[in-house]
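final08.csv (CSV, C-alpha atoms (C1' of nucleotides)) appears below.
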chain,number,residue,atom,x,y,z
A,1,MET,CA,-3.4,44.1,-85.4
A,2,HIS,CA,-4.9,47.1,-83.8
A,3,MET,CA,-8.2,48.4,-82.4
A,4,GLU,CA,-10.5,50.0,-84.9
A,5,GLU,CA,-11.8,53.4,-84.1
A,6,PRO,CA,-15.1,52.9,-82.2
A,7,ARG,CA,-18.2,53.7,-84.3
A,8,TRP,CA,-19.9,56.0,-81.7
A,9,LEU,CA,-23.5,57.0,-82.3
A,10,ASP,CA,-23.9,60.5,-83.7
A,11,GLU,CA,-26.3,63.0,-82.2
A,12,THR,CA,-29.3,61.8,-84.2
A,13,GLN,CA,-28.6,58.2,-83.6
A,14,GLN,CA,-28.3,58.7,-79.9
A,15,GLN,CA,-31.6,60.6,-79.9
A,16,ALA,CA,-33.2,57.7,-81.8
A,17,TRP,CA,-31.7,55.0,-79.6
A,18,ARG,CA,-32.5,56.7,-76.3
A,19,ALA,CA,-36.1,57.3,-77.4
A,20,PHE,CA,-36.3,53.7,-78.4
A,21,LEU,CA,-35.2,52.7,-74.9
A,22,VAL,CA,-37.8,55.0,-73.4
A,23,MET,CA,-40.5,53.1,-75.4
A,24,VAL,CA,-39.2,49.8,-74.3
A,25,ASN,CA,-38.8,50.7,-70.6
A,26,ARG,CA,-41.8,53.0,-70.2
A,27,GLY,CA,-44.2,52.3,-73.0
A,28,MET,CA,-44.2,48.5,-72.9
A,29,PRO,CA,-44.9,48.3,-69.2
A,30,ILE,CA,-48.0,50.4,-69.7
A,31,LEU,CA,-49.3,47.9,-72.3
A,32,GLU,CA,-48.3,45.0,-70.0
A,33,ARG,CA,-50.3,46.4,-67.1
A,34,THR,CA,-53.4,46.8,-69.1
A,35,LEU,CA,-53.3,43.4,-70.6
A,36,LYS,CA,-52.4,41.9,-67.2
A,37,GLU,CA,-55.8,43.1,-65.9
A,38,HIS,CA,-57.2,40.5,-68.4
A,39,ASP,CA,-54.7,37.9,-67.4
A,40,LEU,CA,-52.5,38.3,-70.5
A,41,LEU,CA,-49.0,39.4,-71.2
A,42,VAL,CA,-47.9,41.1,-74.4
A,43,VAL,CA,-46.2,37.8,-75.3
A,44,HIS,CA,-49.4,35.9,-74.8
A,45,TYR,CA,-51.2,38.3,-76.9
A,46,ALA,CA,-48.7,37.9,-79.7
A,47,ILE,CA,-49.1,34.1,-79.5
A,48,LEU,CA,-52.9,34.3,-79.7
A,49,VAL,CA,-52.7,36.8,-82.6
A,50,ALA,CA,-50.3,34.6,-84.5
A,51,LEU,CA,-52.6,31.6,-84.1
A,52,SER,CA,-55.7,33.5,-85.0
A,53,GLU,CA,-54.2,34.6,-88.3
A,54,SER,CA,-53.1,31.1,-89.2
A,55,PRO,CA,-55.2,28.7,-91.2
A,56,ALA,CA,-57.4,26.6,-89.0
A,57,HIS,CA,-56.1,28.7,-86.1
A,58,THR,CA,-53.3,26.2,-85.9
A,59,MET,CA,-49.5,26.4,-86.2
A,60,ARG,CA,-46.4,24.3,-85.8
A,61,LEU,CA,-44.7,25.3,-82.6
A,62,SER,CA,-41.5,26.3,-84.4
A,63,ASP,CA,-43.3,28.5,-86.8
A,64,LEU,CA,-45.3,30.0,-84.0
A,65,ALA,CA,-42.1,30.8,-82.1
A,66,ASP,CA,-40.7,32.4,-85.2
A,67,THR,CA,-43.8,34.5,-85.9
A,68,ALA,CA,-44.1,35.7,-82.3
A,69,ASN,CA,-40.3,36.3,-82.1
A,70,LEU,CA,-39.8,33.9,-79.3
A,71,SER,CA,-37.2,31.3,-78.5
A,72,GLN,CA,-38.6,27.8,-78.4
A,73,SER,CA,-38.1,27.5,-74.7
A,74,ARG,CA,-39.8,30.7,-74.0
A,75,LEU,CA,-42.7,29.6,-76.1
A,76,THR,CA,-42.9,26.3,-74.2
A,77,HIS,CA,-43.1,28.1,-70.9
A,78,ARG,CA,-45.8,30.5,-72.1
A,79,LEU,CA,-47.7,27.7,-73.7
A,80,ARG,CA,-47.9,25.9,-70.4
A,81,VAL,CA,-49.9,28.8,-69.0
A,82,LEU,CA,-52.1,29.2,-72.1
A,83,THR,CA,-52.9,25.5,-72.3
A,84,ASP,CA,-53.4,25.1,-68.6
A,85,ARG,CA,-56.0,27.8,-68.9
A,86,GLY,CA,-57.6,26.4,-72.0
A,87,ASP,CA,-56.8,29.2,-74.5
A,88,VAL,CA,-54.6,27.0,-76.6
A,89,SER,CA,-54.5,23.2,-77.2
A,90,LEU,CA,-51.6,21.1,-78.3
A,91,HIS,CA,-51.5,18.1,-80.6
A,92,GLN,CA,-48.8,15.8,-81.7
A,93,ASP,CA,-48.2,16.1,-85.4
A,94,PRO,CA,-49.2,12.8,-87.1
A,95,GLN,CA,-46.6,13.2,-89.9
A,96,ASP,CA,-43.7,14.0,-87.7
A,97,GLY,CA,-43.4,12.5,-84.2
A,98,ARG,CA,-41.2,15.3,-83.1
A,99,GLY,CA,-43.5,18.2,-84.0
A,100,LYS,CA,-46.5,19.6,-82.3
A,101,ASN,CA,-49.2,21.9,-83.4
A,102,ALA,CA,-50.8,24.6,-81.3
A,103,THR,CA,-54.5,25.5,-81.9
A,104,LEU,CA,-56.4,28.4,-80.7
A,105,THR,CA,-59.5,27.2,-78.8
A,106,ASN,CA,-62.8,28.9,-78.8
A,107,ALA,CA,-62.1,30.2,-75.3
A,108,GLY,CA,-58.8,31.6,-76.5
A,109,ARG,CA,-60.4,33.2,-79.5
A,110,ARG,CA,-63.0,34.8,-77.2
A,111,ARG,CA,-60.3,36.1,-74.8
A,112,LEU,CA,-58.4,37.6,-77.7
A,113,GLU,CA,-61.5,39.2,-79.2
A,114,SER,CA,-62.4,40.7,-75.9
A,115,VAL,CA,-59.0,42.2,-75.2
A,116,ALA,CA,-58.0,43.2,-78.8
A,117,PRO,CA,-59.9,46.5,-78.9
A,118,LEU,CA,-58.5,47.6,-75.6
A,119,HIS,CA,-55.0,46.7,-76.6
A,120,ALA,CA,-55.3,48.5,-79.9
A,121,GLU,CA,-56.6,51.6,-78.1
A,122,ASN,CA,-53.6,51.5,-75.8
A,123,VAL,CA,-51.1,51.1,-78.6
A,124,GLN,CA,-52.7,54.1,-80.3
A,125,ARG,CA,-52.6,56.2,-77.2
A,126,VAL,CA,-49.0,55.3,-76.3
A,127,VAL,CA,-47.5,55.3,-79.8
A,128,PHE,CA,-49.5,56.6,-82.8
A,129,ASP,CA,-51.5,59.4,-81.3
A,130,HIS,CA,-48.3,61.4,-81.2
A,131,LEU,CA,-47.5,61.0,-84.9
A,132,ASP,CA,-49.0,62.4,-88.0
A,133,PRO,CA,-49.5,60.1,-91.0
A,134,THR,CA,-46.1,61.0,-92.6
A,135,GLU,CA,-44.2,60.3,-89.4
A,136,THR,CA,-46.0,57.0,-89.0
A,137,GLU,CA,-44.9,56.0,-92.5
A,138,CYS,CA,-41.4,57.1,-91.8
A,139,LEU,CA,-41.4,55.1,-88.6
A,140,ALA,CA,-42.8,52.1,-90.3
A,141,ARG,CA,-40.3,52.2,-93.1
A,142,ALA,CA,-37.3,52.6,-90.8
A,143,LEU,CA,-38.4,50.0,-88.3
A,144,SER,CA,-39.2,47.5,-91.1
A,145,LYS,CA,-35.8,47.8,-92.6
A,146,ILE,CA,-34.2,47.0,-89.2
A,147,ALA,CA,-36.7,44.3,-88.4
A,148,GLY,CA,-36.3,42.7,-91.9
A,149,ASN,CA,-32.6,42.3,-91.2
A,150,LEU,CA,-33.2,40.8,-87.8
A,151,CYS,CA,-35.5,38.2,-89.1
A,152,THR,CA,-33.6,37.1,-92.2
A,153,HIS,CA,-29.9,37.7,-91.5
A,154,GLU,CA,-27.7,35.3,-89.7
A,155,HIS,CA,-28.0,37.0,-86.4
A,156,PHE,CA,-27.6,34.1,-84.1
A,157,ARG,CA,-31.1,33.1,-83.0
A,158,PRO,CA,-32.3,32.8,-79.5
A,159,ASP,CA,-31.9,29.4,-78.0
A,160,GLU,CA,-29.1,28.4,-80.3
A,161,PRO,CA,-26.0,28.0,-78.2
A,162,HIS,CA,-23.0,29.8,-79.9
B,1,MET,CA,-73.8,54.2,-72.9
B,2,HIS,CA,-72.3,52.0,-75.6
B,3,MET,CA,-68.9,50.7,-76.9
B,4,GLU,CA,-66.9,53.0,-79.0
B,5,GLU,CA,-65.8,51.6,-82.3
B,6,PRO,CA,-62.3,50.1,-81.7
B,7,ARG,CA,-59.5,52.2,-83.1
B,8,TRP,CA,-57.7,49.3,-84.9
B,9,LEU,CA,-54.2,49.9,-86.3
B,10,ASP,CA,-54.2,50.6,-90.0
B,11,GLU,CA,-51.8,48.9,-92.3
B,12,THR,CA,-48.9,51.3,-91.8
B,13,GLN,CA,-49.4,51.3,-88.0
B,14,GLN,CA,-49.4,47.5,-87.9
B,15,GLN,CA,-46.2,47.4,-90.0
B,16,ALA,CA,-44.6,49.8,-87.6
B,17,TRP,CA,-45.8,48.1,-84.5
B,18,ARG,CA,-44.8,44.6,-85.6
B,19,ALA,CA,-41.4,45.8,-86.6
B,20,PHE,CA,-41.0,47.4,-83.2
B,21,LEU,CA,-41.8,44.2,-81.5
B,22,VAL,CA,-39.2,42.4,-83.7
B,23,MET,CA,-36.6,45.0,-82.5
B,24,VAL,CA,-37.6,44.4,-78.9
B,25,ASN,CA,-37.7,40.6,-79.0
B,26,ARG,CA,-34.9,39.9,-81.4
B,27,GLY,CA,-32.7,43.0,-81.4
B,28,MET,CA,-32.5,43.6,-77.7
B,29,PRO,CA,-31.5,40.0,-76.9
B,30,ILE,CA,-28.5,40.3,-79.3
B,31,LEU,CA,-27.3,43.4,-77.4
B,32,GLU,CA,-27.9,41.6,-74.0
B,33,ARG,CA,-25.9,38.6,-75.0
B,34,THR,CA,-22.9,40.7,-76.0
B,35,LEU,CA,-23.0,42.8,-72.9
B,36,LYS,CA,-23.4,39.6,-70.8
B,37,GLU,CA,-20.1,38.4,-72.0
B,38,HIS,CA,-18.7,41.4,-70.0
B,39,ASP,CA,-21.0,40.7,-67.0
B,40,LEU,CA,-23.4,43.5,-67.8
B,41,LEU,CA,-27.0,43.9,-68.8
B,42,VAL,CA,-28.4,46.7,-71.0
B,43,VAL,CA,-30.0,48.0,-67.8
B,44,HIS,CA,-26.6,48.0,-66.0
B,45,TYR,CA,-25.1,49.8,-69.0
B,46,ALA,CA,-27.9,52.5,-68.8
B,47,ILE,CA,-27.2,53.0,-65.2
B,48,LEU,CA,-23.4,53.4,-65.7
B,49,VAL,CA,-24.0,55.7,-68.6
B,50,ALA,CA,-26.3,57.9,-66.6
B,51,LEU,CA,-23.9,58.2,-63.8
B,52,SER,CA,-20.9,58.9,-66.1
B,53,GLU,CA,-22.8,61.8,-67.7
B,54,SER,CA,-23.7,63.3,-64.3
B,55,PRO,CA,-21.6,65.9,-62.4
B,56,ALA,CA,-19.1,64.2,-60.1
B,57,HIS,CA,-20.4,60.9,-61.5
B,58,THR,CA,-23.0,61.1,-58.9
B,59,MET,CA,-26.8,61.0,-58.9
B,60,ARG,CA,-29.7,60.9,-56.5
B,61,LEU,CA,-31.3,57.5,-56.8
B,62,SER,CA,-34.7,58.8,-57.8
B,63,ASP,CA,-33.1,60.9,-60.6
B,64,LEU,CA,-31.1,57.9,-61.7
B,65,ALA,CA,-34.1,55.8,-61.9
B,66,ASP,CA,-35.8,58.4,-64.0
B,67,THR,CA,-32.9,58.9,-66.3
B,68,ALA,CA,-32.5,55.2,-66.8
B,69,ASN,CA,-36.2,54.6,-67.2
B,70,LEU,CA,-36.4,52.3,-64.2
B,71,SER,CA,-38.8,51.8,-61.4
B,72,GLN,CA,-37.2,52.5,-58.0
B,73,SER,CA,-37.4,48.8,-56.9
B,74,ARG,CA,-35.8,47.7,-60.2
B,75,LEU,CA,-33.1,50.2,-59.6
B,76,THR,CA,-32.5,48.9,-56.1
B,77,HIS,CA,-32.2,45.4,-57.3
B,78,ARG,CA,-29.8,46.2,-60.1
B,79,LEU,CA,-27.7,48.4,-57.7
B,80,ARG,CA,-27.2,45.6,-55.4
B,81,VAL,CA,-25.4,43.8,-58.1
B,82,LEU,CA,-23.4,46.8,-59.2
B,83,THR,CA,-22.4,47.8,-55.7
B,84,ASP,CA,-21.5,44.2,-54.6
B,85,ARG,CA,-19.1,44.2,-57.5
B,86,GLY,CA,-17.8,47.6,-56.8
B,87,ASP,CA,-18.8,49.5,-60.0
B,88,VAL,CA,-21.0,51.9,-58.0
B,89,SER,CA,-21.0,53.1,-54.5
B,90,LEU,CA,-23.9,54.4,-52.4
B,91,HIS,CA,-23.9,57.2,-49.8
B,92,GLN,CA,-26.5,58.6,-47.6
B,93,ASP,CA,-27.5,62.1,-48.5
B,94,PRO,CA,-26.3,64.4,-45.7
B,95,GLN,CA,-29.1,67.0,-46.4
B,96,ASP,CA,-32.0,64.5,-46.6
B,97,GLY,CA,-31.9,61.4,-44.4
B,98,ARG,CA,-34.2,59.6,-46.8
B,99,GLY,CA,-32.1,60.1,-49.9
B,100,LYS,CA,-29.1,58.3,-51.3
B,101,ASN,CA,-26.6,59.2,-53.9
B,102,ALA,CA,-25.0,56.7,-56.2
B,103,THR,CA,-21.5,57.3,-57.5
B,104,LEU,CA,-19.6,55.6,-60.3
B,105,THR,CA,-16.4,54.2,-59.0
B,106,ASN,CA,-13.2,54.0,-61.0
B,107,ALA,CA,-13.7,50.4,-61.5
B,108,GLY,CA,-17.2,51.1,-62.8
B,109,ARG,CA,-15.8,53.8,-65.1
B,110,ARG,CA,-13.2,51.4,-66.4
B,111,ARG,CA,-15.8,48.7,-67.1
B,112,LEU,CA,-18.0,51.2,-68.9
B,113,GLU,CA,-15.2,52.4,-71.0
B,114,SER,CA,-14.1,49.0,-71.9
B,115,VAL,CA,-17.5,47.9,-73.0
B,116,ALA,CA,-18.8,51.1,-74.6
B,117,PRO,CA,-17.1,50.7,-78.0
B,118,LEU,CA,-18.3,47.2,-78.4
B,119,HIS,CA,-21.8,48.1,-77.4
B,120,ALA,CA,-21.9,51.1,-79.8
B,121,GLU,CA,-20.7,48.8,-82.6
B,122,ASN,CA,-23.5,46.4,-81.9
B,123,VAL,CA,-26.2,49.1,-81.8
B,124,GLN,CA,-24.8,50.3,-85.2
B,125,ARG,CA,-24.9,46.8,-86.6
B,126,VAL,CA,-28.4,45.9,-85.3
B,127,VAL,CA,-30.0,49.3,-85.9
B,128,PHE,CA,-28.4,52.0,-87.9
B,129,ASP,CA,-26.4,50.2,-90.5
B,130,HIS,CA,-29.7,49.5,-92.2
B,131,LEU,CA,-30.8,53.1,-92.4
B,132,ASP,CA,-29.6,56.0,-94.5
B,133,PRO,CA,-29.2,59.4,-92.8
B,134,THR,CA,-32.7,60.6,-93.8
B,135,GLU,CA,-34.3,57.5,-92.4
B,136,THR,CA,-32.3,57.8,-89.2
B,137,GLU,CA,-33.5,61.4,-88.8
B,138,CYS,CA,-37.1,60.3,-89.4
B,139,LEU,CA,-36.8,57.6,-86.9
B,140,ALA,CA,-35.3,59.8,-84.3
B,141,ARG,CA,-38.0,62.4,-84.8
B,142,ALA,CA,-40.8,59.9,-84.6
B,143,LEU,CA,-39.5,58.0,-81.6
B,144,SER,CA,-38.6,61.2,-79.8
B,145,LYS,CA,-42.2,62.4,-80.1
B,146,ILE,CA,-43.5,59.2,-78.6
B,147,ALA,CA,-40.8,59.1,-75.9
B,148,GLY,CA,-41.3,62.7,-75.0
B,149,ASN,CA,-44.9,62.0,-74.2
B,150,LEU,CA,-44.0,58.9,-72.1
B,151,CYS,CA,-41.6,60.9,-70.0
B,152,THR,CA,-43.7,63.9,-69.3
B,153,HIS,CA,-47.3,63.0,-69.5
B,154,GLU,CA,-49.3,61.5,-66.6
B,155,HIS,CA,-48.9,58.0,-67.8
B,156,PHE,CA,-48.9,56.2,-64.5
B,157,ARG,CA,-45.3,55.6,-63.6
B,158,PRO,CA,-43.8,52.3,-62.7
B,159,ASP,CA,-43.9,51.4,-59.0
B,160,GLU,CA,-46.9,53.7,-58.3
B,161,PRO,CA,-49.8,51.5,-57.5
B,162,HIS,CA,-52.9,52.7,-59.3
C,1,DT,C1',-29.5,-1.9,-90.7
C,2,DG,C1',-27.3,1.2,-87.9
C,3,DT,C1',-25.1,5.0,-86.6
C,4,DA,C1',-24.0,9.9,-86.7
C,5,DG,C1',-26.0,14.2,-87.1
C,6,DT,C1',-30.0,17.2,-87.2
C,7,DT,C1',-34.4,18.9,-85.9
C,8,DA,C1',-38.3,19.7,-82.5
C,9,DC,C1',-39.4,20.5,-78.3
C,10,DT,C1',-39.0,20.2,-73.0
C,11,DT,C1',-36.9,20.7,-68.6
C,12,DG,C1',-34.8,22.8,-64.6
C,13,DA,C1',-31.5,25.9,-62.5
C,14,DT,C1',-30.6,30.5,-62.0
C,15,DA,C1',-31.3,35.5,-63.0
C,16,DT,C1',-34.2,39.2,-63.6
C,17,DG,C1',-38.7,41.8,-63.4
C,18,DT,C1',-42.9,43.2,-61.0
C,19,DC,C1',-45.9,44.4,-57.5
C,20,DA,C1',-47.4,45.5,-53.0
C,21,DA,C1',-46.1,46.2,-48.5
C,22,DC,C1',-42.8,48.1,-45.5
C,23,DT,C1',-39.4,51.5,-43.0
C,24,DA,C1',-37.7,55.7,-42.3
C,25,DT,C1',-37.4,60.5,-43.0
C,26,DC,C1',-39.2,64.9,-44.2
C,27,DC,C1',-42.9,68.5,-44.6
C,28,DT,C1',-47.1,71.0,-43.2
C,29,DA,C1',-50.3,72.8,-40.4
C,30,DC,C1',-52.4,73.2,-36.4
D,1,DG,C1',-44.4,69.5,-30.8
D,2,DT,C1',-47.0,66.5,-33.0
D,3,DA,C1',-50.3,64.1,-36.2
D,4,DG,C1',-51.2,63.3,-41.1
D,5,DG,C1',-49.5,62.9,-45.3
D,6,DA,C1',-46.0,62.9,-48.7
D,7,DT,C1',-41.4,61.3,-50.3
D,8,DA,C1',-37.2,58.0,-50.8
D,9,DG,C1',-35.8,53.9,-50.9
D,10,DT,C1',-35.9,48.7,-49.6
D,11,DT,C1',-37.7,44.2,-49.2
D,12,DG,C1',-39.7,39.7,-50.3
D,13,DA,C1',-42.9,36.9,-52.8
D,14,DC,C1',-44.0,35.5,-57.0
D,15,DA,C1',-43.8,35.6,-62.2
D,16,DT,C1',-41.1,35.5,-66.1
D,17,DA,C1',-36.7,35.0,-69.0
D,18,DT,C1',-32.6,32.8,-70.3
D,19,DC,C1',-29.4,29.3,-71.0
D,20,DA,C1',-27.6,24.8,-71.2
D,21,DA,C1',-28.6,20.2,-71.1
D,22,DG,C1',-31.8,16.6,-72.0
D,23,DT,C1',-35.2,13.6,-74.8
D,24,DA,C1',-37.1,11.9,-78.6
D,25,DA,C1',-37.9,11.4,-83.5
D,26,DC,C1',-36.4,12.1,-88.1
D,27,DT,C1',-32.7,11.9,-92.1
D,28,DA,C1',-28.7,10.5,-94.6
D,29,DC,C1',-25.5,7.7,-95.8
D,30,DA,C1',-22.2,4.0,-95.3
Full structure transcribed into structure tokens:
Amino acid sequence: MHMEEPRWLDETQQQAWRAFLVMVNRGMPILERTLKEHDLLVVHYAILVALSESPAHTMRLSDLADTANLSQSRLTHRLRVLTDRGDVSLHQDPQDGRGKNATLTNAGRRRLESVAPLHAENVQRVVFDHLDPTETECLARALSKIAGNLCTHEHFRPDEPH
Amino acid sequence: MHMEEPRWLDETQQQAWRAFLVMVNRGMPILERTLKEHDLLVVHYAILVALSESPAHTMRLSDLADTANLSQSRLTHRLRVLTDRGDVSLHQDPQDGRGKNATLTNAGRRRLESVAPLHAENVQRVVFDHLDPTETECLARALSKIAGNLCTHEHFRPDEPH
DNA sequence: TGTAGTTACTTGATATGTCAACTATCCTAC
DNA sequence: GTAGGATAGTTGACATATCAAGTAACTACA
């Protein structure tokens, strides 16, 4: 038994990875700050969007966590804020005593609608204004391949002790 | 004076942006967990790498923050951990009484070298194993354009009140 | 039934991130 | 020299994230 030769990143991979980290560490905070002026986090925004796109503006918590890429406990903590403030309401599932459904309230829908244009504008400014259509497609295809794997493959999920 | 029409994301942009969020919220935690088994965060790793690539393994704190995409206060907090543990040492700059230099210690270098192969392997598994060389180049080019703007342009920087 | 295992969600302790306020040094110009 | 302003870094309060452990309800099967 011996060590495999490490699979170092080549030049191009390094360039991609470092740029990705710049987006995460510099780009995301810009979006966070703007949303924060409207009392939202990017995570909150993702939760509201997921609900708004769901039939009856309602979702089972576990599905919501999955759609918003959150661990269950992280979702619970965020929902405490969103329900306290009245953007989301929670209801026991009548079929399954364990489950709960989250529903976007009118207030939540209004908040989402008031922030969405601003947020879209910011994403455009930070990300897409710097790409031509071909590059955007390239980016979408590459990221989707990676994301597809992260969602389906048996990468241990958040919150599941290993 | 009237509201501009919101610049909504088109289909492709949405696909790209949602996939990016999947990478951030599902991919990064995988990397964090693996590094954490070796008492490191991705941020710590970035700091150690920046130092290791710098002459004399030494950097001015403000440059280090910039290279690692961190706010100064975040850097200070992370450095407390890294210096307490002996991976990094701090020295007053003799030229400029305000400034400090951070130096990677031998222990820090050893820690970095012991974790780097594993981390590279994980980045490959999470990101690049799903892309062919053309897609990787596309991704690198697109992300670099975005990142380039985030680093140079007058996007308000972290830690600077606006 | 009833009990072992699974699923759905919550909780709380601890770690990390963020923001504004603070100290200390340097620079400039008068 | 010295006042005003900039620069470098730190601090502390508060918000958020993570992880493991906990509760409660369902399921399967003896």
Query raised in the report: What is the CA of His91 in chain B-CA of Leu61 in chain B distance in Å, reported with one decimal?
Result: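 Value for the CA of His91 in chain B-CA of Leu61 in chain B distance: 10.2 Å.
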Find the residues of chain C that sit at most 12 Å from chain A; for each, write down the nearest two atoms and how far apart they are in Å, to one decimal. Count only C-alpha atoms (C1' of nucleotides). Sort by chain, then by number going up, and give it as a tab-separated table.
residue	atom	partner	partner_atom	distance
C:DT7	C1'	A:Arg98	CA	8.2
C:DA8	C1'	A:Arg98	CA	5.3
C:DC9	C1'	A:Arg98	CA	7.3
C:DT10	C1'	A:Thr76	CA	7.3
C:DT11	C1'	A:Ser73	CA	9.2
C:DG12	C1'	A:Ser73	CA	11.6
C:DG17	C1'	A:Pro29	CA	10.7
C:DT18	C1'	A:Pro29	CA	9.9
C:DC19	C1'	A:Arg33	CA	10.7
Query - Nearest to chain A by atom-to-atom distance, counting all atoms listed in the file, from B:Glu4, B:Leu48, B:Thr105, B:Ala16 - result: B:Ala16
Requested in this report: Compile the residues of chain D that lie within 12 Å of chain A, evaluated using all atoms listed in the file, and express the compilation as JSON, numbers by chain.
Outcome: {"D": [15, 16, 17, 18, 19, 20, 21, 23, 24, 25, 26]}
Given a cut-off of 7 Å, which residues of chain A touch chain B, counting all atoms listed in the file, written out as an mmCIF file with C-alpha atoms, in the coordinates of the input?
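What landed in part-v4.cif:
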data_model
loop_
_atom_site.group_PDB
_atom_site.id
_atom_site.type_symbol
_atom_site.label_atom_id
_atom_site.label_comp_id
_atom_site.auth_asym_id
_atom_site.auth_seq_id
_atom_site.Cartn_x
_atom_site.Cartn_y
_atom_site.Cartn_z
ATOM 1 C CA PRO A 6 -15.100 52.900 -82.200
ATOM 2 C CA ARG A 7 -18.200 53.700 -84.300
ATOM 3 C CA TRP A 8 -19.900 56.000 -81.700
ATOM 4 C CA LEU A 9 -23.500 57.000 -82.300
ATOM 5 C CA THR A 12 -29.300 61.800 -84.200
ATOM 6 C CA GLN A 13 -28.600 58.200 -83.600
ATOM 7 C CA GLN A 15 -31.600 60.600 -79.900
ATOM 8 C CA ALA A 16 -33.200 57.700 -81.800
ATOM 9 C CA ALA A 19 -36.100 57.300 -77.400
ATOM 10 C CA PHE A 20 -36.300 53.700 -78.400
ATOM 11 C CA VAL A 22 -37.800 55.000 -73.400
ATOM 12 C CA MET A 23 -40.500 53.100 -75.400
ATOM 13 C CA ASN A 25 -38.800 50.700 -70.600
ATOM 14 C CA ARG A 26 -41.800 53.000 -70.200
ATOM 15 C CA GLY A 27 -44.200 52.300 -73.000
ATOM 16 C CA ASN A 69 -40.300 36.300 -82.100
ATOM 17 C CA PRO A 117 -59.900 46.500 -78.900
ATOM 18 C CA ALA A 120 -55.300 48.500 -79.900
ATOM 19 C CA GLU A 121 -56.600 51.600 -78.100
ATOM 20 C CA VAL A 127 -47.500 55.300 -79.800
ATOM 21 C CA HIS A 130 -48.300 61.400 -81.200
ATOM 22 C CA LEU A 131 -47.500 61.000 -84.900
ATOM 23 C CA GLU A 135 -44.200 60.300 -89.400
ATOM 24 C CA THR A 136 -46.000 57.000 -89.000
ATOM 25 C CA GLU A 137 -44.900 56.000 -92.500
ATOM 26 C CA CYS A 138 -41.400 57.100 -91.800
ATOM 27 C CA LEU A 139 -41.400 55.100 -88.600
ATOM 28 C CA ALA A 140 -42.800 52.100 -90.300
ATOM 29 C CA ALA A 142 -37.300 52.600 -90.800
ATOM 30 C CA LEU A 143 -38.400 50.000 -88.300
ATOM 31 C CA SER A 144 -39.200 47.500 -91.100
ATOM 32 C CA LYS A 145 -35.800 47.800 -92.600
ATOM 33 C CA ILE A 146 -34.200 47.000 -89.200
ATOM 34 C CA ALA A 147 -36.700 44.300 -88.400
ATOM 35 C CA LEU A 150 -33.200 40.800 -87.800
#
Query raised in the report: CA of Val81 in chain A and CA of Ser54 in chain A, how far apart in Å?
Result: 20.6 Å
Query raised in the report: Leaving out DT28 in chain C and any residue of its chain fewer than 4 positions from it, which residues lie within 10 Å of it when counting only C-alpha atoms (C1' of nucleotides), given as a list in words?
Result: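 Residues near the query, excluding close chain neighbours: DG4, DG5 and DA6 of chain D.
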Just write the chosen residues, C-alpha atoms (C1' of nucleotides), as a compact mmCIF listing (two decimals), in the frame of the given file.
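Resulting contents of selection-v8.txt:
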# COMPACT_ATOMS: atom_id res chain seq x y z
C1' DG D 4 -51.20 63.30 -41.10
C1' DG D 5 -49.50 62.90 -45.30
C1' DA D 6 -46.00 62.90 -48.70
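You will find CA of Leu82 in chain B at 14.6 Å from CA of Met59 in chain B.
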With the input short on atoms, add N, CA and C atoms back to range 69-78 of chain B and write it as a PDB file, in the frame of the given file.
ATOM      1  N   ASN B  69     -34.913  55.178 -66.922  1.00  0.00           N
ATOM      2  CA  ASN B  69     -36.200  54.600 -67.200  1.00  0.00           C
ATOM      3  C   ASN B  69     -36.554  53.397 -66.342  1.00  0.00           C
ATOM      4  N   LEU B  70     -36.175  53.451 -65.082  1.00  0.00           N
ATOM      5  CA  LEU B  70     -36.400  52.300 -64.200  1.00  0.00           C
ATOM      6  C   LEU B  70     -37.335  52.643 -63.077  1.00  0.00           C
ATOM      7  N   SER B  71     -38.054  51.649 -62.600  1.00  0.00           N
ATOM      8  CA  SER B  71     -38.800  51.800 -61.400  1.00  0.00           C
ATOM      9  C   SER B  71     -37.764  51.832 -60.214  1.00  0.00           C
ATOM     10  N   GLN B  72     -38.160  52.384 -59.083  1.00  0.00           N
ATOM     11  CA  GLN B  72     -37.200  52.500 -58.000  1.00  0.00           C
ATOM     12  C   GLN B  72     -36.808  51.064 -57.505  1.00  0.00           C
ATOM     13  N   SER B  73     -37.765  50.158 -57.461  1.00  0.00           N
ATOM     14  CA  SER B  73     -37.400  48.800 -56.900  1.00  0.00           C
ATOM     15  C   SER B  73     -36.483  48.122 -57.916  1.00  0.00           C
ATOM     16  N   ARG B  74     -36.744  48.316 -59.197  1.00  0.00           N
ATOM     17  CA  ARG B  74     -35.800  47.700 -60.200  1.00  0.00           C
ATOM     18  C   ARG B  74     -34.437  48.246 -60.014  1.00  0.00           C
ATOM     19  N   LEU B  75     -34.367  49.561 -59.827  1.00  0.00           N
ATOM     20  CA  LEU B  75     -33.100  50.200 -59.600  1.00  0.00           C
ATOM     21  C   LEU B  75     -32.373  49.605 -58.401  1.00  0.00           C
ATOM     22  N   THR B  76     -33.100  49.492 -57.305  1.00  0.00           N
ATOM     23  CA  THR B  76     -32.500  48.900 -56.100  1.00  0.00           C
ATOM     24  C   THR B  76     -31.917  47.556 -56.348  1.00  0.00           C
ATOM     25  N   HIS B  77     -32.699  46.710 -57.019  1.00  0.00           N
ATOM     26  CA  HIS B  77     -32.200  45.400 -57.300  1.00  0.00           C
ATOM     27  C   HIS B  77     -30.955  45.358 -58.144  1.00  0.00           C
ATOM     28  N   ARG B  78     -30.948  46.189 -59.178  1.00  0.00           N
ATOM     29  CA  ARG B  78     -29.800  46.200 -60.100  1.00  0.00           C
ATOM     30  C   ARG B  78     -28.577  46.827 -59.318  1.00  0.00           C
TER      31      ARG B  78
END
